[in-house]
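Novice: So here's input33.pdb, just PDB, C-alpha atoms:
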ATOM      1  CA  MET R   1      50.333 -21.688 -10.380
ATOM      2  CA  THR R   2      52.436 -24.894 -10.453
ATOM      3  CA  GLY R   3      53.354 -27.630  -8.014
ATOM      4  CA  ALA R   4      51.481 -30.119  -5.873
ATOM      5  CA  ILE R   5      48.168 -28.874  -4.461
ATOM      6  CA  GLU R   6      48.061 -28.922  -0.656
ATOM      7  CA  CYS R   7      44.590 -27.486  -0.004
ATOM      8  CA  ARG R   8      41.675 -25.684  -1.607
ATOM      9  CA  TYR R   9      39.661 -22.823  -0.099
ATOM     10  CA  TYR R  10      36.893 -20.728  -1.636
ATOM     11  CA  GLY R  11      37.579 -21.862  -5.153
ATOM     12  CA  ARG R  12      41.374 -21.465  -5.128
ATOM     13  CA  ASP R  13      43.997 -24.215  -5.021
ATOM     14  CA  PHE R  14      47.031 -23.499  -2.833
ATOM     15  CA  THR R  15      50.248 -25.317  -3.701
ATOM     16  CA  ALA R  16      52.599 -26.850  -1.144
ATOM     17  CA  ARG R  17      55.149 -24.150  -2.036
ATOM     18  CA  GLU R  18      52.619 -21.361  -1.386
ATOM     19  CA  MET R  19      51.606 -22.895   1.935
ATOM     20  CA  ALA R  20      55.268 -23.207   2.962
ATOM     21  CA  LEU R  21      55.687 -19.515   2.160
ATOM     22  CA  LEU R  22      52.592 -18.638   4.186
ATOM     23  CA  ARG R  23      53.851 -20.572   7.224
ATOM     24  CA  ALA R  24      57.244 -18.877   6.911
ATOM     25  CA  LEU R  25      55.596 -15.453   6.830
ATOM     26  CA  ILE R  26      53.572 -16.339   9.943
ATOM     27  CA  ALA R  27      56.746 -17.441  11.756
ATOM     28  CA  ALA R  28      58.672 -14.239  10.929
ATOM     29  CA  GLU R  29      59.975 -11.989  13.702
ATOM     30  CA  PRO R  30      58.468  -9.670  14.646
ATOM     31  CA  GLN R  31      55.246 -11.535  13.964
ATOM     32  CA  PRO R  32      53.101  -9.687  11.396
ATOM     33  CA  THR R  33      49.521  -8.625  11.960
ATOM     34  CA  ARG R  34      46.867 -10.585  10.105
ATOM     35  CA  ALA R  35      46.260  -7.652   7.761
ATOM     36  CA  ALA R  36      49.957  -7.290   6.947
ATOM     37  CA  LEU R  37      50.235 -11.053   6.492
ATOM     38  CA  SER R  38      47.418 -11.197   3.948
ATOM     39  CA  ARG R  39      48.867  -8.288   1.965
ATOM     40  CA  GLU R  40      52.385  -9.723   1.881
ATOM     41  CA  PHE R  41      51.156 -13.202   0.978
ATOM     42  CA  CYS R  42      49.162 -11.807  -1.956
ATOM     43  CA  ARG R  43      52.128  -9.731  -3.082
ATOM     44  CA  ARG R  44      54.532 -12.672  -2.976
ATOM     45  CA  ILE R  45      52.289 -15.129  -4.869
ATOM     46  CA  GLY R  46      50.780 -12.564  -7.248
ATOM     47  CA  TRP R  47      47.184 -12.980  -6.033
ATOM     48  CA  LEU R  48      45.649  -9.907  -7.604
ATOM     49  CA  LYS R  49      42.248  -8.444  -8.450
ATOM     50  CA  PRO R  50      41.406  -7.602 -12.056
ATOM     51  CA  ASP R  51      42.326  -3.961 -11.408
ATOM     52  CA  GLY R  52      45.807  -4.993 -10.245
ATOM     53  CA  GLY R  53      45.199  -4.486  -6.519
ATOM     54  CA  LEU R  54      46.015  -7.137  -3.951
ATOM     55  CA  LYS R  55      43.264  -9.664  -3.280
ATOM     56  CA  ASP R  56      44.012  -9.389   0.431
ATOM     57  CA  MET R  57      40.428  -9.487   1.719
ATOM     58  CA  MET R  58      39.818 -12.818  -0.018
ATOM     59  CA  ALA R  59      43.187 -14.028   1.293
ATOM     60  CA  ARG R  60      42.153 -13.065   4.817
ATOM     61  CA  VAL R  61      38.903 -15.017   4.525
ATOM     62  CA  ALA R  62      40.770 -18.076   3.206
ATOM     63  CA  MET R  63      43.399 -17.861   5.957
ATOM     64  CA  LEU R  64      40.733 -17.650   8.662
ATOM     65  CA  ALA R  65      39.232 -20.867   7.299
ATOM     66  CA  MET R  66      42.682 -22.504   7.200
ATOM     67  CA  ASP R  67      43.250 -21.464  10.807
ATOM     68  CA  ARG R  68      39.857 -22.854  11.834
ATOM     69  CA  ASP R  69      40.690 -26.174  10.137
ATOM     70  CA  GLY R  70      44.130 -26.400  11.753
ATOM     71  CA  VAL R  71      45.997 -26.057   8.447
ATOM     72  CA  ILE R  72      47.867 -22.975   9.736
ATOM     73  CA  ALA R  73      48.035 -21.113  13.042
ATOM     74  CA  LEU R  74      47.417 -17.405  12.514
ATOM     75  CA  PRO R  75      48.858 -14.729  14.796
ATOM     76  CA  PRO R  76      46.362 -13.574  17.431
ATOM     77  CA  PRO R  77      44.112 -10.712  16.289
ATOM     78  CA  THR R  78      45.161  -7.228  17.295
ATOM     79  CA  GLY R  79      42.870  -4.459  18.450
ATOM     80  CA  ARG R  80      39.126  -4.554  18.839
ATOM     81  CA  LYS R  81      36.988  -6.521  16.449
ATOM     82  CA  HIS R  82      34.875  -4.172  14.409
ATOM     83  CA  ARG R  83      31.191  -4.820  14.850
ATOM     84  CA  PRO R  84      28.805  -3.314  12.320
ATOM     85  CA  ARG R  85      26.275  -0.965  13.779
ATOM     86  CA  PRO R  86      22.796  -2.462  13.960
ATOM     87  CA  ILE R  87      20.334  -1.146  11.412
ATOM     88  CA  VAL R  88      17.658   0.976  13.062
ATOM     89  CA  PHE R  89      14.506   1.572  11.043
ATOM     90  CA  GLY R  90      13.646   5.231  10.802
ATOM     91  CA  PRO R  91      10.831   7.304   9.306
ATOM     92  CA  ASP R  92      12.561   7.706   5.924
ATOM     93  CA  THR R  93      11.851   4.072   5.035
ATOM     94  CA  GLU R  94       8.244   4.002   6.278
ATOM     95  CA  PRO R  95       5.537   3.492   3.635
ATOM     96  CA  PRO R  96       4.442   6.907   2.343
ATOM     97  CA  LEU R  97       1.160   8.500   3.363
ATOM     98  CA  PHE R  98       0.425   9.763  -0.148
ATOM     99  CA  PRO R  99      -1.088   7.488  -2.822
ATOM    100  CA  ALA R 100       1.575   5.492  -4.632
ATOM    101  CA  PRO R 101       2.010   6.019  -8.386
ATOM    102  CA  ALA R 102       0.345   3.342 -10.496
ATOM    103  CA  THR R 103       1.770   3.800 -14.024
ATOM    104  CA  LEU R 104       5.176   4.262 -15.628
ATOM    105  CA  ASP R 105       4.092   7.626 -17.026
ATOM    106  CA  GLU R 106       3.708   8.914 -13.460
ATOM    107  CA  VAL R 107       7.309   8.097 -12.499
ATOM    108  CA  ARG R 108       9.423   8.494 -15.651
ATOM    109  CA  PRO R 109      12.097   9.512 -16.275
ATOM    110  CA  LEU R 110      13.585   7.365 -13.523
ATOM    111  CA  GLN R 111      16.651   8.490 -11.600
ATOM    112  CA  MET R 112      19.202   5.737 -10.973
ATOM    113  CA  ARG R 113      21.752   6.799  -8.395
ATOM    114  CA  SER R 114      24.958   4.978  -7.517
ATOM    115  CA  VAL R 115      25.009   4.365  -3.753
ATOM    116  CA  LEU R 116      28.230   4.870  -1.798
ATOM    117  CA  ARG R 117      29.219   3.702   1.649
ATOM    118  CA  GLU R 118      29.087   6.024   4.621
ATOM    119  CA  THR R 119      26.553   8.320   2.978
ATOM    120  CA  ARG R 120      22.937   8.985   3.826
ATOM    121  CA  GLU R 121      21.858   7.208   0.639
ATOM    122  CA  GLY R 122      24.036   4.240   1.553
ATOM    123  CA  ARG R 123      22.441   3.980   4.990
ATOM    124  CA  LEU R 124      18.958   4.225   3.489
ATOM    125  CA  TRP R 125      19.789   1.493   0.941
ATOM    126  CA  ASN R 126      20.827  -0.813   3.782
ATOM    127  CA  GLU R 127      17.686   0.055   5.735
ATOM    128  CA  PHE R 128      15.298  -0.500   2.826
ATOM    129  CA  ILE R 129      16.896  -3.875   2.048
ATOM    130  CA  ALA R 130      16.900  -4.951   5.708
ATOM    131  CA  ARG R 131      13.313  -3.897   6.163
ATOM    132  CA  TYR R 132      11.630  -5.110   2.980
ATOM    133  CA  HIS R 133      13.783  -7.689   1.144
ATOM    134  CA  TYR R 134      12.955 -11.261   2.094
ATOM    135  CA  LEU R 135      16.675 -12.119   2.442
ATOM    136  CA  GLY R 136      17.383  -9.062   4.589
ATOM    137  CA  TYR R 137      20.607  -7.077   4.567
ATOM    138  CA  LYS R 138      24.059  -8.631   4.235
ATOM    139  CA  THR R 139      27.282  -6.997   3.128
ATOM    140  CA  LEU R 140      27.768  -7.724  -0.561
ATOM    141  CA  VAL R 141      30.686 -10.010  -1.394
ATOM    142  CA  GLY R 142      33.820  -8.665  -3.082
ATOM    143  CA  ALA R 143      33.492  -6.105  -5.861
ATOM    144  CA  GLN R 144      30.111  -4.419  -5.772
ATOM    145  CA  MET R 145      27.801  -1.703  -7.072
ATOM    146  CA  ARG R 146      24.589  -0.532  -5.431
ATOM    147  CA  TYR R 147      21.842   1.560  -6.980
ATOM    148  CA  ALA R 148      18.810   3.399  -5.643
ATOM    149  CA  VAL R 149      16.041   4.072  -8.161
ATOM    150  CA  HIS R 150      13.805   7.120  -7.662
ATOM    151  CA  ASP R 151      10.956   8.564  -9.672
ATOM    152  CA  ARG R 152      11.120  11.959 -11.364
ATOM    153  CA  TYR R 153      10.125  13.650  -8.111
ATOM    154  CA  GLY R 154      12.862  11.927  -6.091
ATOM    155  CA  ARG R 155      10.600   9.369  -4.392
ATOM    156  CA  PRO R 156      12.254   5.947  -3.856
ATOM    157  CA  LEU R 157      10.994   3.072  -5.972
ATOM    158  CA  ALA R 158      13.589   0.285  -5.931
ATOM    159  CA  MET R 159      17.027  -0.832  -4.705
ATOM    160  CA  LEU R 160      19.512  -3.027  -6.581
ATOM    161  CA  GLY R 161      22.837  -4.586  -5.613
ATOM    162  CA  PHE R 162      25.516  -6.246  -7.753
ATOM    163  CA  SER R 163      28.552  -8.159  -6.546
ATOM    164  CA  THR R 164      31.175 -10.774  -7.384
ATOM    165  CA  ALA R 165      29.758 -13.785  -9.255
ATOM    166  CA  ALA R 166      29.546 -17.242  -7.694
ATOM    167  CA  TRP R 167      32.822 -19.108  -8.092
ATOM    168  CA  LYS R 168      31.354 -22.399  -9.292
ATOM    169  CA  LEU R 169      27.843 -22.690 -10.709
ATOM    170  CA  ALA R 170      27.134 -25.714 -12.886
ATOM    171  CA  PRO R 171      24.062 -24.387 -14.792
ATOM    172  CA  ARG R 172      25.885 -21.168 -15.672
ATOM    173  CA  ASP R 173      29.217 -22.802 -16.454
ATOM    174  CA  ASN R 174      27.589 -25.411 -18.716
ATOM    175  CA  PHE R 175      25.556 -22.755 -20.524
ATOM    176  CA  ILE R 176      28.670 -20.657 -21.180
ATOM    177  CA  GLY R 177      30.713 -23.713 -22.152
ATOM    178  CA  TRP R 178      33.395 -23.040 -19.546
ATOM    179  CA  THR R 179      36.274 -25.283 -18.665
ATOM    180  CA  PRO R 180      37.606 -24.804 -15.098
ATOM    181  CA  GLN R 181      40.563 -22.902 -16.569
ATOM    182  CA  MET R 182      38.345 -20.560 -18.581
ATOM    183  CA  ARG R 183      36.129 -19.976 -15.540
ATOM    184  CA  GLU R 184      39.080 -19.042 -13.342
ATOM    185  CA  LYS R 185      40.419 -16.682 -16.006
ATOM    186  CA  ASN R 186      37.175 -14.959 -16.990
ATOM    187  CA  LEU R 187      34.966 -15.030 -13.895
ATOM    188  CA  PRO R 188      35.606 -11.283 -13.266
ATOM    189  CA  LEU R 189      33.585 -10.629 -16.458
ATOM    190  CA  VAL R 190      30.444 -11.963 -14.744
ATOM    191  CA  VAL R 191      28.588 -10.113 -11.981
ATOM    192  CA  ASP R 192      25.874 -11.317  -9.643
ATOM    193  CA  ASN R 193      22.607  -9.502  -8.888
ATOM    194  CA  PRO R 194      21.918 -10.668  -5.305
ATOM    195  CA  ARG R 195      19.447  -7.917  -4.429
ATOM    196  CA  PHE R 196      16.580  -6.433  -6.436
ATOM    197  CA  LEU R 197      13.840  -4.852  -4.372
ATOM    198  CA  ILE R 198      10.849  -2.936  -5.652
ATOM    199  CA  LEU R 199       9.361  -1.296  -2.573
ATOM    200  CA  PRO R 200       6.246  -3.184  -1.474
ATOM    201  CA  TRP R 201       3.820  -0.277  -1.890
ATOM    202  CA  ILE R 202       4.903   0.224  -5.526
ATOM    203  CA  GLU R 203       2.751  -1.768  -7.960
ATOM    204  CA  ILE R 204       3.477  -0.442 -11.434
ATOM    205  CA  PRO R 205       3.104  -2.756 -14.434
ATOM    206  CA  ASN R 206       6.414  -3.287 -16.315
ATOM    207  CA  LEU R 207       8.431  -1.243 -13.797
ATOM    208  CA  GLY R 208      10.756  -4.155 -13.022
ATOM    209  CA  SER R 209      11.680  -4.825 -16.634
ATOM    210  CA  HIS R 210      12.104  -1.072 -17.240
ATOM    211  CA  ILE R 211      14.565  -0.843 -14.341
ATOM    212  CA  LEU R 212      16.489  -3.913 -15.495
ATOM    213  CA  ALA R 213      16.823  -2.397 -18.965
ATOM    214  CA  LEU R 214      18.216   0.823 -17.485
ATOM    215  CA  VAL R 215      20.723  -0.927 -15.258
ATOM    216  CA  ARG R 216      21.824  -3.205 -18.089
ATOM    217  CA  ARG R 217      22.869  -0.134 -20.068
ATOM    218  CA  ARG R 218      24.541   1.607 -17.143
ATOM    219  CA  LEU R 219      26.252  -1.152 -15.148
ATOM    220  CA  PRO R 220      29.123  -2.035 -17.547
ATOM    221  CA  ALA R 221      30.537   1.498 -17.595
ATOM    222  CA  ASP R 222      30.068   2.009 -13.855
ATOM    223  CA  TRP R 223      31.745  -1.313 -13.046
ATOM    224  CA  ALA R 224      34.609  -0.587 -15.446
ATOM    225  CA  GLY R 225      35.090   2.853 -13.901
ATOM    226  CA  ARG R 226      35.386   1.379 -10.432
ATOM    227  CA  TYR R 227      37.238  -1.893 -11.120
ATOM    228  CA  ASN R 228      38.811  -1.491 -14.567
ATOM    229  CA  VAL R 229      36.895  -4.559 -15.814
ATOM    230  CA  THR R 230      33.882  -4.412 -18.147
ATOM    231  CA  PRO R 231      31.410  -7.213 -17.352
ATOM    232  CA  VAL R 232      29.682  -9.045 -20.199
ATOM    233  CA  LEU R 233      27.154 -11.180 -18.276
ATOM    234  CA  ILE R 234      24.874 -10.832 -15.230
ATOM    235  CA  GLU R 235      23.618 -13.769 -13.166
ATOM    236  CA  THR R 236      20.888 -13.879 -10.560
ATOM    237  CA  PHE R 237      19.134 -16.444  -8.385
ATOM    238  CA  VAL R 238      15.365 -16.715  -7.906
ATOM    239  CA  GLU R 239      14.134 -18.757  -4.962
ATOM    240  CA  THR R 240      11.337 -21.083  -5.988
ATOM    241  CA  PRO R 241       8.456 -21.475  -5.411
ATOM    242  CA  ARG R 242       8.512 -18.110  -3.598
ATOM    243  CA  TYR R 243       9.061 -16.271  -6.905
ATOM    244  CA  THR R 244       8.618 -17.218 -10.558
ATOM    245  CA  GLY R 245      11.296 -15.039 -12.153
ATOM    246  CA  ALA R 246       8.672 -13.437 -14.406
ATOM    247  CA  VAL R 247      10.351 -10.012 -14.286
ATOM    248  CA  TYR R 248      13.625 -11.519 -15.536
ATOM    249  CA  LYS R 249      11.889 -13.500 -18.273
ATOM    250  CA  ALA R 250      10.109 -10.347 -19.438
ATOM    251  CA  SER R 251      13.474  -8.571 -19.550
ATOM    252  CA  GLY R 252      15.141 -11.074 -21.855
ATOM    253  CA  TRP R 253      16.999 -13.131 -19.244
ATOM    254  CA  THR R 254      17.494 -16.867 -19.808
ATOM    255  CA  LEU R 255      16.685 -19.576 -17.266
ATOM    256  CA  VAL R 256      19.639 -21.996 -17.418
ATOM    257  CA  GLY R 257      18.986 -24.358 -14.504
ATOM    258  CA  THR R 258      18.499 -24.738 -10.778
ATOM    259  CA  THR R 259      20.999 -24.794  -7.909
ATOM    260  CA  GLN R 260      21.533 -27.833  -5.703
ATOM    261  CA  GLY R 261      20.835 -25.991  -2.455
ATOM    262  CA  ARG R 262      24.433 -25.184  -1.524
ATOM    263  CA  GLY R 263      25.457 -21.759  -0.268
ATOM    264  CA  ARG R 264      28.410 -19.736  -1.565
ATOM    265  CA  TYR R 265      30.683 -21.169   1.169
ATOM    266  CA  ASP R 266      29.220 -24.668   1.587
ATOM    267  CA  ARG R 267      32.514 -26.545   1.496
ATOM    268  CA  ALA R 268      31.026 -29.310   3.687
ATOM    269  CA  LYS R 269      28.312 -30.076   1.079
ATOM    270  CA  LEU R 270      25.468 -29.631   3.532
ATOM    271  CA  TYR R 271      22.909 -28.707   0.833
ATOM    272  CA  ASP R 272      20.948 -26.801   3.480
ATOM    273  CA  LYS R 273      19.914 -23.778   1.378
ATOM    274  CA  PRO R 274      16.739 -23.298  -0.684
ATOM    275  CA  ARG R 275      16.995 -24.347  -4.324
ATOM    276  CA  LYS R 276      17.060 -21.414  -6.714
ATOM    277  CA  ASP R 277      16.576 -20.928 -10.436
ATOM    278  CA  VAL R 278      19.614 -19.460 -12.202
ATOM    279  CA  TRP R 279      18.945 -16.665 -14.723
ATOM    280  CA  LEU R 280      21.526 -15.038 -17.018
ATOM    281  CA  ARG R 281      21.504 -11.827 -19.074
ATOM    282  CA  PRO R 282      24.266 -10.974 -21.582
ATOM    283  CA  LEU R 283      25.440  -7.374 -21.644
ATOM    284  CA  ARG R 284      26.749  -7.418 -25.213
ATOM    285  CA  ARG R 285      26.401  -9.526 -28.342
ATOM    286  CA  ASN R 286      29.792 -11.252 -28.282
ATOM    287  CA  TRP R 287      29.563 -12.165 -24.594
ATOM    288  CA  GLN R 288      30.192 -15.883 -25.141
ATOM    289  CA  ARG R 289      33.327 -15.248 -27.159
ATOM    290  CA  ALA R 290      34.638 -12.888 -24.477
ATOM    291  CA  LEU R 291      34.093 -15.517 -21.780
ATOM    292  CA  ASN R 292      35.855 -18.306 -23.693
ATOM    293  CA  ARG R 293      39.006 -16.686 -25.003
TER     294      ARG R 293
END
Take the structure in the file and give it back as structure tokens.
Specialist:
Amino acid sequence: MTGAIECRYYGRDFTAREMALLRALIAAEPQPTRAALSREFCRRIGWLKPDGGLKDMMARVAMLAMDRDGVIALPPPTGRKHRPRPIVFGPDTEPPLFPAPATLDEVRPLQMRSVLRETREGRLWNEFIARYHYLGYKTLVGAQMRYAVHDRYGRPLAMLGFSTAAWKLAPRDNFIGWTPQMREKNLPLVVDNPRFLILPWIEIPNLGSHILALVRRRLPADWAGRYNVTPVLIETFVETPRYTGAVYKASGWTLVGTTQGRGRYDRAKLYDKPRKDVWLRPLRRNWQRALNR
């Protein structure tokens, strides 16, 4: 990407030439839909995901922000705005009536199932997270994997979610030794763990670290199968003083610093979010070399 920078949205600089192209595409006759506009813009400037697909969803988010700020004037939306169905809590996510298991021997071997959208397991994952995770349910950002962990009898124990890593994170970037250029190039090799829920009636010593060890072995291949990129590092955020991060420490994660209280999209520097400890876990030995080449 060359030329004078006109604006910056969600971690990407847009040149004056790219913005001129975007305005020309908006002014075309017949006027394109917003979806068609984002796809064509990505195609023309080569804004691609690691798997080679168009990064049109991120483009759409950036263009909505540009429109809100008066940088561009998007075509009016077409059709009805999709509204997600509200999550209704049903009996399948109620605490069980039977005594909960108390040791790892009672639940192993664990079953870790990949959760897909528009399936019963996907709906239950959303419901468990909405009902019992302190942050509630939100759609995961960008690329993502979700897992449901069950015991050997099929009883649910835990839910995990992984998604696109934070664009800019000083404690992580300093620990890796990233320059801005290296971060932009290699960020797809890092994944975030925004949700990890052990169901509140499950109190099994060492269960959390056992689950994290299982997912650490499985996630790289699953992510590569879905996105054609093999991650080498996981990051997560632990809100303090609500939690200590003990489960991550016991699982070999490294505490690298604390956030400043800015959200993922805090472009106005409001610093209105809770401060969180940043923990990292490599997925292979040469992770640092992979992230700096």
Novice: Expand the PyMOL selection byres ((chain R and resi 82-99) around 8) into the individual residues it matches in the shown file, reporting them as a list in words.
Specialist: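 When the PyMOL selection byres ((chain R and resi 82-99) around 8) is applied to the shown file, the picked residues are Arg80, Lys81, Ala100, Pro101, Leu124, Asn126, Glu127, Phe128, Ala130, Arg131 and Trp201 of chain R.
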Novice: Can you give me, as an MDAnalysis selection string, the residues this file yields under the PyMOL selection byres ((chain R and resi 111) around 7)?
Specialist: chainID R and resid 109:110 112:113 149:152
Novice: Only C-alpha atoms, please: the residues just picked out, written as a CSV table (one decimal), keeping the file's coordinate frame.
Specialist:
chain,number,residue,atom,x,y,z
R,109,PRO,CA,12.1,9.5,-16.3
R,110,LEU,CA,13.6,7.4,-13.5
R,112,MET,CA,19.2,5.7,-11.0
R,113,ARG,CA,21.8,6.8,-8.4
R,149,VAL,CA,16.0,4.1,-8.2
R,150,HIS,CA,13.8,7.1,-7.7
R,151,ASP,CA,11.0,8.6,-9.7
R,152,ARG,CA,11.1,12.0,-11.4
Novice: So which residues fall inside 12 Å of (38.6, -12.3, 5.3) if we count only C-alpha atoms? Mind giving them as a VMD selection string?
Specialist: chain R and resid 9 to 10 34 to 35 37 to 39 55 to 67 141 to 142
Novice: Evaluate the PyMOL selection byres ((chain R and resi 203-212) around 12) and record the selected residues as an NGL selection string, following the chain and residue labels used in the document.
Specialist: :R and (99-112 or 147-151 or 157-161 or 193 or 196-202 or 213-219 or 234 or 236 or 245-253 or 281 or 283)
Novice: In Å to one decimal, how far is CA of Gly261 (chain R) from CA of Pro274 (chain R)?
Specialist: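 Rounded to one decimal, the two atoms are 5.2 Å apart.
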Novice: What is the CA of Leu54 (chain R)-CA of Thr139 (chain R) distance in Å, reported with one decimal?
Specialist: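 Result for CA of Leu54 (chain R) versus CA of Thr139 (chain R): 20.0 Å, one decimal.
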Novice: How many Å separate CA of Lys273 (chain R) from CA of Ala165 (chain R)?
Specialist: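 Separation of CA of Lys273 (chain R) and CA of Ala165 (chain R): 17.6 Å.
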Novice: So which one's closest to Asp51 (chain R), R:Ile129, R:Leu169, R:Val256, R:Ala143? Using all atoms listed in the file, please.
Specialist: R:Ala143
Novice: From the options R:Lys276, R:Arg172, R:Arg242, R:Arg226, which residue's atoms come nearest to Pro194 (chain R), counting only C-alpha atoms?
Specialist: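 Of the candidates, the smallest distance to Pro194 (chain R) is held by R:Lys276.
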Novice: With a distance cut-off of 12 Å and only C-alpha atoms, select the neighbouring residues of Thr259 (chain R), excluding the residue or stretch itself and same-chain residues fewer than 4 positions from it, and output the selection as a PDB file with C-alpha atoms, in the coordinates of the input.
Specialist:
ATOM      1  CA  ALA R 166      29.546 -17.242  -7.694  1.00  0.00           C
ATOM      2  CA  LYS R 168      31.354 -22.399  -9.292  1.00  0.00           C
ATOM      3  CA  LEU R 169      27.843 -22.690 -10.709  1.00  0.00           C
ATOM      4  CA  ALA R 170      27.134 -25.714 -12.886  1.00  0.00           C
ATOM      5  CA  PRO R 171      24.062 -24.387 -14.792  1.00  0.00           C
ATOM      6  CA  ARG R 172      25.885 -21.168 -15.672  1.00  0.00           C
ATOM      7  CA  THR R 236      20.888 -13.879 -10.560  1.00  0.00           C
ATOM      8  CA  PHE R 237      19.134 -16.444  -8.385  1.00  0.00           C
ATOM      9  CA  VAL R 238      15.365 -16.715  -7.906  1.00  0.00           C
ATOM     10  CA  GLU R 239      14.134 -18.757  -4.962  1.00  0.00           C
ATOM     11  CA  THR R 240      11.337 -21.083  -5.988  1.00  0.00           C
ATOM     12  CA  LEU R 255      16.685 -19.576 -17.266  1.00  0.00           C
ATOM     13  CA  GLY R 263      25.457 -21.759  -0.268  1.00  0.00           C
ATOM     14  CA  ARG R 264      28.410 -19.736  -1.565  1.00  0.00           C
ATOM     15  CA  TYR R 271      22.909 -28.707   0.833  1.00  0.00           C
ATOM     16  CA  ASP R 272      20.948 -26.801   3.480  1.00  0.00           C
ATOM     17  CA  LYS R 273      19.914 -23.778   1.378  1.00  0.00           C
ATOM     18  CA  PRO R 274      16.739 -23.298  -0.684  1.00  0.00           C
ATOM     19  CA  ARG R 275      16.995 -24.347  -4.324  1.00  0.00           C
ATOM     20  CA  LYS R 276      17.060 -21.414  -6.714  1.00  0.00           C
ATOM     21  CA  ASP R 277      16.576 -20.928 -10.436  1.00  0.00           C
ATOM     22  CA  VAL R 278      19.614 -19.460 -12.202  1.00  0.00           C
ATOM     23  CA  TRP R 279      18.945 -16.665 -14.723  1.00  0.00           C
TER      24      TRP R 279
END
